[in-house]
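Since the structure comes first, as structure tokens, the remarks are kept for the end.
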Amino acid sequence: MIKKALITIIGGLLTLTGAALIVLPGPAWLLLPIGLAILSLEYTWARHWLKKSQAHLSNTARWLDRQILLRRLNRK
């Protein structure tokens, strides 16, 4: 019971802080997945949102890689 409470408190704080940092300056992209990963140890809904956020981060990274490659090719 204490383990679940600690996971909920720590994961919840990290997730809420990450959510607040979406509009405030700070590393929301770092805190949100960490908080969801901690929460996913106990909650299936958090695992679902963690997978969605991981897919979104992967898609964004691929898009940025393409943009960087296109800029380099246009310079030559």
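If you're wondering about the labels, chains in the structure tokens are A, B, ... by order shown, residues count from 1 in each chain, ligands from 1 in order shown.
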
Discussion item. Let's see if you can do this: from backbone DSSP, list all alpha helix (DSSP H) residues in chain A, as a count of residues only.
Written reply: 63

Fill in: All residues 12 Å or closer to Leu57 in chain A, only C-alpha atoms, same chain fewer than 4 positions away omitted, as a list in words
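Residues meeting the cut-off are Ala28, Trp29, Leu30, Leu32, Pro33, Leu50, Lys51, Lys52, Ser53, Ala61, Arg62, Trp63 and Leu64 of chain A.
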
How would the residues just chosen look if you wrote them out with N, CA, C and O atoms as a CSV table (one decimal), in the first residue's frame?
```csv
chain,number,residue,atom,x,y,z
A,28,ALA,N,9.4,20.3,-20.1
A,28,ALA,CA,8.2,19.5,-20.1
A,28,ALA,C,8.4,18.2,-20.8
A,28,ALA,O,7.9,17.1,-20.4
A,29,TRP,N,9.1,18.2,-21.9
A,29,TRP,CA,9.3,17.0,-22.7
A,29,TRP,C,10.1,15.9,-21.9
A,29,TRP,O,10.1,14.7,-22.3
A,30,LEU,N,10.8,16.3,-20.9
A,30,LEU,CA,11.5,15.4,-20.0
A,30,LEU,C,10.7,14.9,-18.9
A,30,LEU,O,10.7,13.7,-18.6
A,32,LEU,N,7.3,14.9,-18.2
A,32,LEU,CA,6.0,14.2,-18.5
A,32,LEU,C,6.3,12.7,-18.7
A,32,LEU,O,5.6,11.9,-18.1
A,33,PRO,N,7.2,12.3,-19.6
A,33,PRO,CA,7.4,10.9,-19.8
A,33,PRO,C,7.9,10.2,-18.5
A,33,PRO,O,7.5,9.0,-18.3
A,50,LEU,N,1.7,6.9,-21.7
A,50,LEU,CA,3.1,6.8,-21.9
A,50,LEU,C,3.5,6.3,-23.3
A,50,LEU,O,4.3,6.9,-24.0
A,51,LYS,N,2.8,5.3,-23.8
A,51,LYS,CA,3.0,4.8,-25.1
A,51,LYS,C,2.6,5.8,-26.2
A,51,LYS,O,3.3,6.0,-27.2
A,52,LYS,N,1.5,6.6,-25.9
A,52,LYS,CA,1.1,7.6,-26.9
A,52,LYS,C,2.2,8.7,-26.9
A,52,LYS,O,2.5,9.2,-28.0
A,53,SER,N,2.7,9.1,-25.7
A,53,SER,CA,3.7,10.2,-25.7
A,53,SER,C,5.0,9.7,-26.3
A,53,SER,O,5.7,10.5,-27.0
A,61,ALA,N,10.8,13.5,-33.5
A,61,ALA,CA,12.2,13.3,-33.8
A,61,ALA,C,12.5,13.0,-35.3
A,61,ALA,O,13.4,13.5,-35.9
A,62,ARG,N,11.7,12.1,-35.8
A,62,ARG,CA,11.8,11.8,-37.3
A,62,ARG,C,11.5,13.0,-38.1
A,62,ARG,O,12.3,13.3,-39.1
A,63,TRP,N,10.5,13.8,-37.8
A,63,TRP,CA,10.2,15.0,-38.5
A,63,TRP,C,11.4,16.0,-38.5
A,63,TRP,O,11.7,16.6,-39.5
A,64,LEU,N,11.9,16.2,-37.3
A,64,LEU,CA,13.1,17.1,-37.1
A,64,LEU,C,14.3,16.6,-37.9
A,64,LEU,O,15.0,17.4,-38.6
```

Thr15 in chain A environment, 10 Å, only C-alpha atoms, sequence neighbours closer than 4 positions dropped, as an mmCIF file with N, CA and C atoms, in the first residue's frame:
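Written file, selection.cif:
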```cif
data_model
loop_
_atom_site.group_PDB
_atom_site.id
_atom_site.type_symbol
_atom_site.label_atom_id
_atom_site.label_comp_id
_atom_site.auth_asym_id
_atom_site.auth_seq_id
_atom_site.Cartn_x
_atom_site.Cartn_y
_atom_site.Cartn_z
ATOM 1 N N ILE A 9 2.268 9.508 -5.678
ATOM 2 C CA ILE A 9 2.689 10.864 -5.310
ATOM 3 C C ILE A 9 3.846 11.340 -6.184
ATOM 4 N N ILE A 10 4.885 10.536 -6.301
ATOM 5 C CA ILE A 10 6.068 10.948 -7.073
ATOM 6 C C ILE A 10 5.721 11.074 -8.555
ATOM 7 N N GLY A 11 5.068 10.055 -9.109
ATOM 8 C CA GLY A 11 4.683 10.113 -10.521
ATOM 9 C C GLY A 11 3.716 11.233 -10.809
ATOM 10 N N ALA A 19 3.295 18.921 -16.980
ATOM 11 C CA ALA A 19 2.139 19.535 -17.631
ATOM 12 C C ALA A 19 2.160 21.051 -17.458
ATOM 13 N N ALA A 20 2.562 21.518 -16.283
ATOM 14 C CA ALA A 20 2.654 22.970 -16.053
ATOM 15 C C ALA A 20 3.760 23.578 -16.915
ATOM 16 N N LEU A 21 4.820 22.813 -17.143
ATOM 17 C CA LEU A 21 5.941 23.332 -17.923
ATOM 18 C C LEU A 21 5.660 23.363 -19.421
ATOM 19 N N ALA A 28 9.369 20.286 -20.138
ATOM 20 C CA ALA A 28 8.154 19.469 -20.070
ATOM 21 C C ALA A 28 8.358 18.153 -20.801
ATOM 22 N N LEU A 30 10.762 16.323 -20.862
ATOM 23 C CA LEU A 30 11.523 15.388 -20.043
ATOM 24 C C LEU A 30 10.703 14.887 -18.856
ATOM 25 N N LEU A 31 9.999 15.778 -18.176
ATOM 26 C CA LEU A 31 9.294 15.402 -16.948
ATOM 27 C C LEU A 31 8.012 14.610 -17.195
ATOM 28 N N LEU A 32 7.290 14.936 -18.243
ATOM 29 C CA LEU A 32 6.042 14.217 -18.514
ATOM 30 C C LEU A 32 6.263 12.718 -18.731
ATOM 31 N N PRO A 33 7.157 12.300 -19.617
ATOM 32 C CA PRO A 33 7.352 10.861 -19.795
ATOM 33 C C PRO A 33 7.903 10.162 -18.548
ATOM 34 N N ILE A 34 8.761 10.838 -17.790
ATOM 35 C CA ILE A 34 9.279 10.227 -16.568
ATOM 36 C C ILE A 34 8.151 10.019 -15.567
ATOM 37 N N GLY A 35 7.316 11.032 -15.392
ATOM 38 C CA GLY A 35 6.179 10.902 -14.486
ATOM 39 C C GLY A 35 5.221 9.811 -14.925
ATOM 40 N N LEU A 36 4.941 9.743 -16.219
ATOM 41 C CA LEU A 36 4.051 8.695 -16.728
ATOM 42 C C LEU A 36 4.667 7.315 -16.587
ATOM 43 N N ALA A 37 5.981 7.220 -16.766
ATOM 44 C CA ALA A 37 6.657 5.928 -16.606
ATOM 45 C C ALA A 37 6.541 5.438 -15.169
ATOM 46 N N ILE A 38 6.698 6.337 -14.229
ATOM 47 C CA ILE A 38 6.556 5.960 -12.818
ATOM 48 C C ILE A 38 5.114 5.552 -12.522
ATOM 49 N N LEU A 39 4.158 6.337 -13.002
ATOM 50 C CA LEU A 39 2.752 6.005 -12.777
ATOM 51 C C LEU A 39 2.345 4.704 -13.467
#
```

Worksheet item: What is the distance between CA of Thr17 in chain A and CA of Met1 in chain A, in Å to one decimal?
Response: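 Taking CA of Thr17 in chain A and CA of Met1 in chain A, their separation equals 24.1 Å.
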
Item to complete: Using only C-alpha atoms, find the one residue out of A:Leu16, A:Ile7, A:Ala55, A:Leu24 that sits nearest to Glu42 in chain A.
Response: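 Checking each candidate against Glu42 in chain A, we get A:Ile7 as the closest.
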